[in-house]
>>> print(open('run29.txt').read())   # compact mmCIF, C-alpha atoms and all ligand atoms
# COMPACT_ATOMS: atom_id res chain seq x y z
CA MET T 19 37.84 15.90 4.18
CA ASP T 20 40.44 14.15 6.29
CA ASP T 21 41.83 12.12 3.40
CA LYS T 22 42.03 12.42 -0.36
CA HIS T 23 39.98 9.23 -0.68
CA ASP T 24 37.06 10.58 1.30
CA GLY T 25 33.99 11.93 -0.43
CA PRO T 26 32.01 14.98 0.73
CA ILE T 27 29.69 15.19 3.73
CA THR T 28 25.99 16.07 3.29
CA LYS T 29 24.17 18.80 5.23
CA ASP T 30 22.89 16.01 7.50
CA GLY T 31 26.51 15.14 8.36
CA ILE T 32 26.53 11.89 6.37
CA ARG T 33 29.67 11.02 4.42
CA LEU T 34 29.34 10.08 0.75
CA HIS T 35 31.88 7.40 -0.15
CA THR T 36 33.64 6.60 -3.39
CA GLU T 37 33.65 3.47 -5.52
CA ALA T 38 36.98 2.33 -4.02
CA ASP T 39 35.43 2.67 -0.55
CA PHE T 40 32.72 0.14 -1.50
CA GLU T 41 35.50 -2.39 -2.16
CA GLY T 42 37.00 -1.82 1.32
CA MET T 43 33.59 -2.18 2.98
CA HIS T 44 32.84 -5.33 1.01
CA ARG T 45 36.07 -6.96 2.20
CA ALA T 46 35.51 -5.98 5.85
CA GLY T 47 31.86 -7.05 5.68
CA GLN T 48 32.80 -10.43 4.25
CA VAL T 49 35.25 -11.10 7.09
CA THR T 50 32.44 -10.46 9.60
CA ALA T 51 29.98 -12.57 7.61
CA ARG T 52 32.38 -15.52 7.40
CA ILE T 53 32.92 -15.42 11.17
CA LEU T 54 29.14 -15.42 11.70
CA ASP T 55 28.93 -18.42 9.32
CA ASP T 56 31.72 -20.30 11.08
CA ILE T 57 30.44 -19.78 14.63
CA ALA T 58 27.10 -21.49 13.84
CA GLU T 59 28.34 -25.05 14.41
CA HIS T 60 29.62 -24.07 17.87
CA VAL T 61 26.17 -23.03 19.15
CA PHE T 62 24.58 -25.92 21.06
CA PRO T 63 23.08 -26.67 24.48
CA GLY T 64 25.84 -26.81 27.12
CA GLN T 65 28.00 -24.25 25.32
CA THR T 66 28.88 -21.00 27.14
CA THR T 67 28.69 -17.58 25.54
CA GLU T 68 32.25 -16.82 26.69
CA GLU T 69 33.52 -19.88 24.80
CA LEU T 70 31.71 -18.60 21.69
CA ASP T 71 33.37 -15.21 22.20
CA HIS T 72 36.76 -16.88 22.65
CA LEU T 73 36.31 -18.70 19.32
CA ILE T 74 35.25 -15.44 17.66
CA THR T 75 38.35 -13.70 19.02
CA GLN T 76 40.51 -16.41 17.43
CA MET T 77 38.59 -16.18 14.13
CA VAL T 78 39.09 -12.40 14.01
CA GLU T 79 42.82 -12.85 14.60
CA ALA T 80 43.08 -15.60 11.95
CA SER T 81 41.30 -13.37 9.41
CA GLY T 82 43.95 -10.63 9.60
CA ALA T 83 41.34 -8.13 10.82
CA THR T 84 41.04 -6.62 14.29
CA SER T 85 38.06 -6.48 16.65
CA ALA T 86 36.26 -3.14 16.70
CA THR T 87 34.60 -3.89 20.03
CA ILE T 88 37.59 -4.88 22.21
CA GLY T 89 38.52 -1.60 23.89
CA TYR T 90 35.48 0.25 22.55
CA ARG T 91 34.20 2.41 25.45
CA GLY T 92 35.73 -0.11 27.85
CA TYR T 93 34.03 -3.15 26.26
CA GLN T 94 36.35 -6.16 26.50
CA HIS T 95 34.96 -8.77 24.08
CA ALA T 96 35.02 -9.52 20.35
CA SER T 97 31.25 -10.05 20.26
CA CYS T 98 28.00 -9.17 21.93
CA ILE T 99 25.90 -12.27 22.63
CA SER T 100 22.30 -11.55 23.57
CA VAL T 101 20.28 -14.53 24.82
CA ASN T 102 16.44 -14.73 24.89
CA HIS T 103 15.07 -11.54 26.52
CA VAL T 104 18.40 -9.70 26.12
CA VAL T 105 17.79 -7.11 23.41
CA CYS T 106 21.41 -6.25 22.59
CA HIS T 107 24.90 -5.71 24.06
CA GLY T 108 24.83 -9.01 26.00
CA ILE T 109 28.25 -9.61 27.56
CA PRO T 110 29.76 -13.07 26.95
CA SER T 111 29.87 -15.01 30.24
CA ASN T 112 30.06 -18.47 31.77
CA LYS T 113 26.29 -18.77 31.41
CA VAL T 114 25.48 -22.13 29.80
CA LEU T 115 23.08 -22.28 26.83
CA LYS T 116 19.96 -24.41 27.37
CA PRO T 117 17.94 -26.27 24.71
CA GLY T 118 15.68 -23.81 22.90
CA ASP T 119 17.63 -20.67 23.89
CA ILE T 120 17.81 -18.14 21.04
CA LEU T 121 20.75 -15.77 20.77
CA ASN T 122 21.98 -12.89 18.70
CA ILE T 123 25.70 -12.80 17.97
CA ASP T 124 26.99 -9.37 16.89
CA VAL T 125 30.51 -9.01 15.52
CA THR T 126 32.32 -5.92 14.23
CA VAL T 127 35.78 -6.11 12.67
CA ILE T 128 38.13 -3.52 11.20
CA LEU T 129 39.95 -4.53 8.01
CA ASP T 130 42.30 -2.04 6.32
CA GLY T 131 40.52 0.69 8.28
CA TRP T 132 36.99 -0.31 7.18
CA PHE T 133 34.32 -1.49 9.65
CA GLY T 134 32.19 -4.59 9.04
CA ASP T 135 29.26 -4.80 11.49
CA SER T 136 26.68 -7.60 11.38
CA SER T 137 24.59 -9.79 13.65
CA ARG T 138 22.35 -12.83 13.28
CA MET T 139 20.16 -15.13 15.33
CA TYR T 140 21.19 -18.64 16.40
CA VAL T 141 19.46 -21.34 18.40
CA ALA T 142 20.81 -23.91 20.88
CA GLY T 143 19.18 -27.16 19.78
CA GLU T 144 15.62 -27.08 18.44
CA LEU T 145 14.00 -23.74 17.59
CA PRO T 146 10.78 -23.27 19.64
CA ARG T 147 7.73 -22.33 17.55
CA LYS T 148 7.19 -18.87 19.10
CA ALA T 149 10.87 -18.01 18.75
CA GLU T 150 10.82 -19.15 15.14
CA ARG T 151 8.01 -16.70 14.34
CA LEU T 152 9.82 -13.87 16.12
CA ILE T 153 13.06 -14.60 14.27
CA GLN T 154 11.32 -14.84 10.89
CA VAL T 155 9.47 -11.53 11.41
CA THR T 156 12.69 -9.81 12.54
CA TYR T 157 14.64 -11.12 9.57
CA ASP T 158 11.88 -10.13 7.13
CA SER T 159 11.68 -6.65 8.69
CA LEU T 160 15.42 -6.13 8.10
CA MET T 161 15.07 -7.16 4.46
CA LEU T 162 11.99 -4.92 3.98
CA GLY T 163 14.01 -2.03 5.43
CA ILE T 164 16.88 -2.78 3.06
CA GLU T 165 14.52 -2.91 0.09
CA ALA T 166 13.57 0.72 0.86
CA VAL T 167 17.20 1.77 0.34
CA ARG T 168 17.72 3.73 -2.87
CA PRO T 169 18.76 7.30 -3.72
CA GLY T 170 15.81 9.67 -3.28
CA ASN T 171 14.10 7.67 -0.55
CA THR T 172 14.50 8.82 3.06
CA PHE T 173 15.58 7.20 6.32
CA GLY T 174 11.97 7.53 7.44
CA ASP T 175 10.99 5.24 4.55
CA ILE T 176 13.34 2.57 5.95
CA GLY T 177 11.97 2.93 9.49
CA HIS T 178 8.39 2.87 8.25
CA ALA T 179 8.93 -0.30 6.22
CA ILE T 180 10.28 -2.06 9.32
CA GLN T 181 7.79 -0.73 11.86
CA SER T 182 4.64 -1.21 9.78
CA TYR T 183 5.53 -4.82 9.02
CA VAL T 184 6.52 -5.73 12.61
CA GLU T 185 3.42 -4.14 14.11
CA SER T 186 1.19 -5.86 11.50
CA GLN T 187 2.52 -9.11 12.99
CA ARG T 188 1.60 -7.88 16.52
CA MET T 189 5.20 -7.61 17.63
CA SER T 190 7.04 -4.42 18.67
CA VAL T 191 10.08 -2.50 17.45
CA VAL T 192 12.64 -1.37 20.03
CA ARG T 193 13.03 2.45 20.04
CA ASP T 194 15.96 2.74 22.46
CA PHE T 195 18.66 1.52 20.04
CA CYS T 196 19.20 2.27 16.38
CA GLY T 197 21.40 1.58 13.37
CA HIS T 198 24.20 3.98 12.48
CA GLY T 199 26.41 5.33 9.77
CA LEU T 200 29.75 3.54 9.51
CA GLY T 201 32.74 3.34 7.20
CA ARG T 202 36.16 4.22 8.51
CA VAL T 203 34.43 4.85 11.85
CA PHE T 204 32.23 2.57 13.96
CA HIS T 205 29.34 4.89 14.74
CA ALA T 206 28.73 7.92 12.52
CA PRO T 207 25.66 9.98 11.57
CA PRO T 208 22.86 9.32 10.95
CA ASN T 209 20.94 7.42 13.62
CA VAL T 210 19.07 4.82 11.56
CA LEU T 211 15.72 4.49 13.33
CA HIS T 212 13.74 1.28 12.88
CA TYR T 213 10.44 3.16 13.06
CA GLY T 214 9.20 6.32 11.39
CA ARG T 215 7.00 8.01 8.83
CA PRO T 216 7.44 7.83 5.05
CA GLY T 217 9.23 10.80 3.50
CA THR T 218 10.75 12.03 6.77
CA GLY T 219 14.39 12.15 7.83
CA PRO T 220 17.53 12.67 5.74
CA ARG T 221 17.39 11.77 2.04
CA LEU T 222 19.44 8.77 0.90
CA GLU T 223 22.29 9.44 -1.51
CA GLU T 224 24.67 7.20 -3.41
CA GLY T 225 27.78 6.47 -1.35
CA MET T 226 26.16 6.50 2.12
CA PHE T 227 27.20 3.55 4.32
CA PHE T 228 25.15 2.52 7.35
CA THR T 229 23.74 -0.39 9.32
CA ILE T 230 20.14 -1.46 9.64
CA GLU T 231 19.70 -3.59 12.76
CA PRO T 232 16.08 -3.87 13.95
CA MET T 233 15.42 -5.32 17.41
CA VAL T 234 11.95 -6.85 17.65
CA ASN T 235 10.16 -7.97 20.83
CA LEU T 236 7.30 -10.43 21.25
CA GLY T 237 5.96 -8.17 24.01
CA ARG T 238 6.32 -4.46 24.65
CA PRO T 239 9.09 -2.33 23.13
CA GLU T 240 10.53 -0.89 26.37
CA THR T 241 14.04 -1.87 27.43
CA LYS T 242 16.29 -1.31 30.43
CA VAL T 243 20.06 -1.53 30.83
CA LEU T 244 21.36 -3.76 33.62
CA ALA T 245 23.84 -2.69 36.33
CA ASP T 246 26.78 -3.84 34.16
CA ASP T 247 25.98 -0.74 32.03
CA TRP T 248 25.84 -2.78 28.80
CA THR T 249 23.21 -5.56 28.84
CA ALA T 250 19.87 -4.27 27.49
CA VAL T 251 16.82 -6.41 28.27
CA THR T 252 13.10 -6.20 27.58
CA ARG T 253 11.33 -4.64 30.59
CA ASP T 254 8.53 -7.20 30.34
CA LYS T 255 11.03 -10.11 29.98
CA SER T 256 9.56 -10.99 26.57
CA LEU T 257 11.71 -12.65 23.92
CA SER T 258 13.71 -10.34 21.61
CA ALA T 259 15.48 -10.88 18.29
CA GLN T 260 17.77 -8.82 16.02
CA PHE T 261 19.47 -9.03 12.64
CA GLU T 262 22.04 -6.51 11.35
CA HIS T 263 23.59 -5.86 7.96
CA SER T 264 26.11 -3.21 6.88
CA ILE T 265 25.00 -1.72 3.58
CA GLY T 266 25.91 0.94 1.03
CA VAL T 267 23.63 3.05 -1.16
CA THR T 268 24.34 2.46 -4.87
CA ALA T 269 23.09 4.41 -7.92
CA SER T 270 20.12 2.07 -8.31
CA GLY T 271 19.59 0.73 -4.77
CA PHE T 272 21.86 -0.95 -2.25
CA GLU T 273 24.79 -3.28 -1.73
CA ILE T 274 24.78 -5.57 1.33
CA PHE T 275 28.39 -5.83 2.52
CA THR T 276 27.72 -8.54 5.12
CA LEU T 277 25.87 -11.16 3.05
CA SER T 278 26.64 -14.70 4.22
CA PRO T 279 29.15 -16.41 1.90
CA ALA T 280 27.66 -19.77 2.95
CA GLY T 281 24.03 -18.61 2.66
CA LYS T 282 23.57 -19.17 6.41
CA PHE T 283 22.28 -15.78 7.45
CA HIS T 284 19.05 -17.24 8.81
CA PRO T 285 19.14 -19.78 11.67
CA THR T 286 16.92 -22.29 9.88
CA TRP T 287 19.20 -22.27 6.82
CA ARG T 288 21.99 -24.27 8.49
N1 LIG I 301 28.05 -4.02 17.09
C1 LIG I 301 27.19 -3.15 17.87
C2 LIG I 301 26.41 -2.34 16.88
O1 LIG I 301 25.72 -2.91 16.09
C3 LIG I 301 27.95 -2.28 18.80
C4 LIG I 301 28.57 -3.06 19.89
S1 LIG I 301 29.50 -1.99 20.85
C5 LIG I 301 30.07 -2.99 22.08
O2 LIG I 301 26.48 -1.13 16.77
F1 LIG I 301 30.97 -2.31 22.69
F2 LIG I 301 29.05 -3.33 22.84
F3 LIG I 301 30.58 -4.09 21.54
CO CO I 302 25.76 -1.75 14.38
CO CO I 303 26.60 -4.76 15.45
>>> encode(input="run29.txt", output="structure tokens")
Amino acid sequence: MDDKHDGPITKDGIRLHTEADFEGMHRAGQVTARILDDIAEHVFPGQTTEELDHLITQMVEASGATSATIGYRGYQHASCISVNHVVCHGIPSNKVLKPGDILNIDVTVILDGWFGDSSRMYVAGELPRKAERLIQVTYDSLMLGIEAVRPGNTFGDIGHAIQSYVESQRMSVVRDFCGHGLGRVFHAPPNVLHYGRPGTGPRLEEGMFFTIEPMVNLGRPETKVLADDWTAVTRDKSLSAQFEHSIGVTASGFEIFTLSPAGKFHPTWR
């Protein structure tokens, strides 16, 4: 233990947190969620992703938190903004949003040492029908994964809930990126896979904190990373969507730290 407030670590290397730690994660998660609420009105055709990132940088500063991504492995922005066939880690740029573009905005803040990591889907203008189905399936897969979170279940149960639902809708789950433990660190064990078999993987215990952040493609699951070493895209150029929550395992199930205070987690709920 590196601090008297830290709980023990399981044989799988996963830290078990205390009741006071849940409070810290809730506060950090709510800062992230409010930023994701507040950025929604700034997403429209003609807007650039670097302007969105600039606004997010200001919102992080105004909140009293700090950005977890600025300076992380050389990354220089307060958000990742992934448009259309970009799967994740899109770098904000002067690229202008067009009507019908869909985008994931992913924000991580640090408040009092605790990390709040969440992402949602947004649309510039009207949501095209095919994109709407993709976004709905991705959102539902995240919530099905979360509903599998309770002590005694395994990480494989979470992955299976997500994968079986997505594939039943004839879409695919990205294998190349996963969720992660977090807490007073950004990326900790375990890797939270969004596919898997029931009953496999580490067992869930009260006090574990991690993200679930499924990426779902309309086409094939394969991705590639562009020459900028960050931007991950679908190899077949098909549309991709993602939602991410930071959650904690409670005695009876889960707590979602990054729930939207305004109830705007889903793009059609604006
Ligand atoms: N927020 C991302 C995640 O969900 C990580 C972004 S790292 C960055 O884990 F450097 F690309 F910002
Ligand atoms: Co994450
Ligand atoms: Co994230």
>>> closest_residue(input="run29.txt", among="T:Val61, T:Ile153, T:Leu54, T:Leu222", to="ligand CO 303 (chain I)", atoms="all atoms listed in the file")
T:Leu54
>>> residues_around(input="run29.txt", residues="Gln94 in chain T", least_positions_apart="6", cutoff="9 Å", atoms="all atoms listed in the file", output="number ranges by chain")
T: 87-88, 109
>>> residues_near_ligand(input="run29.txt", ligand="ligand LIG 301 (chain I)", cutoff="8 Å", atoms="all atoms listed in the file", output="VMD selection string")
chain T and resid 86 to 98 107 to 109 124 to 126 135 to 137 197 to 198 204 to 205 229 231 248 262
>>> closest_residue(input="run29.txt", among="T:Val203, T:Val234, T:Ala166, T:Met139", to="Glu185 in chain T", atoms="all atoms listed in the file")
T:Val234
>>> atom_distance(input="run29.txt", atom1="CA of Gly163 in chain T", atom2="CA of Gly225 in chain T")
17.5 Å
>>> closest_residue(input="run29.txt", among="T:Ala269, T:Met161, T:Arg238, T:Leu211", to="Arg188 in chain T", atoms="only C-alpha atoms")
T:Arg238
>>> atom_distance(input="run29.txt", atom1="CA of Phe62 in chain T", atom2="atom CO of ligand CO 302 (chain I)")
25.1 Å
>>> atom_distance(input="run29.txt", atom1="CA of Ala250 in chain T", atom2="CA of Asp194 in chain T")
9.5 Å
>>> closest_residue(input="run29.txt", among="T:Phe40, T:Phe272, T:Phe133, T:Phe173", to="ligand CO 303 (chain I)", atoms="only C-alpha atoms and all ligand atoms")
T:Phe133
>>> axis_aligned_box(input="run29.txt", around="range 135-150 of chain T", padding_each_side="6 Å", output="AutoDock Vina command-line options")
--center_x 18.2 --center_y -16.0 --center_z 16.1 --size_x 34.1 --size_y 34.4 --size_z 21.5
>>> residues_around(input="run29.txt", residues="range 78-81 of chain T", least_positions_apart="6", cutoff="9 Å", atoms="only C-alpha atoms", output="PDB file with C-alpha atoms, in the frame of the given file")
ATOM      1  CA  VAL T  49      35.250 -11.100   7.090  1.00  0.00           C
ATOM      2  CA  THR T  50      32.440 -10.460   9.600  1.00  0.00           C
ATOM      3  CA  ILE T  53      32.920 -15.420  11.170  1.00  0.00           C
ATOM      4  CA  ALA T  96      35.020  -9.520  20.350  1.00  0.00           C
ATOM      5  CA  VAL T 127      35.780  -6.110  12.670  1.00  0.00           C
TER       6      VAL T 127
END
>>> decode(input="run29.txt", residues="range 56-84 of chain T", atoms="N, CA and C atoms", output="compact mmCIF listing (two decimals), in the first residue's frame")
# COMPACT_ATOMS: atom_id res chain seq x y z
N ASP T 56 -21.95 20.06 -20.95
CA ASP T 56 -21.86 21.47 -21.37
C ASP T 56 -21.31 21.64 -22.79
N ILE T 57 -20.56 20.64 -23.28
CA ILE T 57 -19.99 20.78 -24.61
C ILE T 57 -21.04 20.52 -25.70
N ALA T 58 -22.15 19.88 -25.33
CA ALA T 58 -23.14 19.44 -26.34
C ALA T 58 -23.63 20.59 -27.22
N GLU T 59 -23.91 21.74 -26.61
CA GLU T 59 -24.48 22.85 -27.40
C GLU T 59 -23.47 23.46 -28.36
N HIS T 60 -22.19 23.11 -28.20
CA HIS T 60 -21.15 23.66 -29.07
C HIS T 60 -20.87 22.77 -30.28
N VAL T 61 -21.55 21.62 -30.36
CA VAL T 61 -21.34 20.71 -31.49
C VAL T 61 -22.36 21.02 -32.58
N PHE T 62 -21.88 21.52 -33.72
CA PHE T 62 -22.77 21.85 -34.84
C PHE T 62 -21.96 21.90 -36.12
N PRO T 63 -22.62 21.79 -37.27
CA PRO T 63 -21.89 21.87 -38.54
C PRO T 63 -21.15 23.20 -38.63
N GLY T 64 -19.90 23.16 -39.11
CA GLY T 64 -19.08 24.37 -39.21
C GLY T 64 -18.11 24.52 -38.04
N GLN T 65 -18.38 23.83 -36.95
CA GLN T 65 -17.51 23.86 -35.77
C GLN T 65 -16.24 23.03 -36.05
N THR T 66 -15.10 23.41 -35.46
CA THR T 66 -13.91 22.57 -35.58
C THR T 66 -13.71 21.78 -34.29
N THR T 67 -13.03 20.64 -34.42
CA THR T 67 -12.78 19.84 -33.22
C THR T 67 -11.75 20.51 -32.32
N GLU T 68 -10.87 21.36 -32.88
CA GLU T 68 -9.92 22.05 -32.00
C GLU T 68 -10.59 23.15 -31.19
N GLU T 69 -11.66 23.76 -31.74
CA GLU T 69 -12.43 24.73 -30.95
C GLU T 69 -13.15 24.00 -29.80
N LEU T 70 -13.70 22.84 -30.09
CA LEU T 70 -14.35 22.05 -29.02
C LEU T 70 -13.33 21.73 -27.92
N ASP T 71 -12.12 21.33 -28.34
CA ASP T 71 -11.08 21.00 -27.35
C ASP T 71 -10.66 22.23 -26.55
N HIS T 72 -10.62 23.39 -27.22
CA HIS T 72 -10.28 24.64 -26.54
C HIS T 72 -11.32 24.95 -25.46
N LEU T 73 -12.59 24.79 -25.81
CA LEU T 73 -13.68 25.01 -24.83
C LEU T 73 -13.56 24.02 -23.67
N ILE T 74 -13.24 22.77 -23.98
CA ILE T 74 -13.10 21.75 -22.93
C ILE T 74 -11.94 22.10 -21.99
N THR T 75 -10.84 22.58 -22.58
CA THR T 75 -9.70 23.00 -21.76
C THR T 75 -10.12 24.07 -20.77
N GLN T 76 -10.90 25.04 -21.24
CA GLN T 76 -11.38 26.12 -20.36
C GLN T 76 -12.32 25.57 -19.29
N MET T 77 -13.19 24.63 -19.68
CA MET T 77 -14.14 24.05 -18.71
C MET T 77 -13.40 23.27 -17.62
N VAL T 78 -12.34 22.55 -18.02
CA VAL T 78 -11.56 21.81 -17.02
C VAL T 78 -10.94 22.80 -16.04
N GLU T 79 -10.34 23.86 -16.57
CA GLU T 79 -9.73 24.87 -15.70
C GLU T 79 -10.76 25.48 -14.76
N ALA T 80 -11.92 25.85 -15.29
CA ALA T 80 -12.97 26.50 -14.48
C ALA T 80 -13.48 25.57 -13.38
N SER T 81 -13.38 24.25 -13.60
CA SER T 81 -13.92 23.29 -12.63
C SER T 81 -13.01 23.09 -11.42
N GLY T 82 -11.77 23.57 -11.52
CA GLY T 82 -10.81 23.34 -10.44
C GLY T 82 -10.09 22.01 -10.56
N ALA T 83 -10.40 21.24 -11.61
CA ALA T 83 -9.70 19.98 -11.86
C ALA T 83 -8.55 20.24 -12.82
N THR T 84 -7.78 19.19 -13.14
CA THR T 84 -6.77 19.30 -14.18
C THR T 84 -7.02 18.23 -15.22
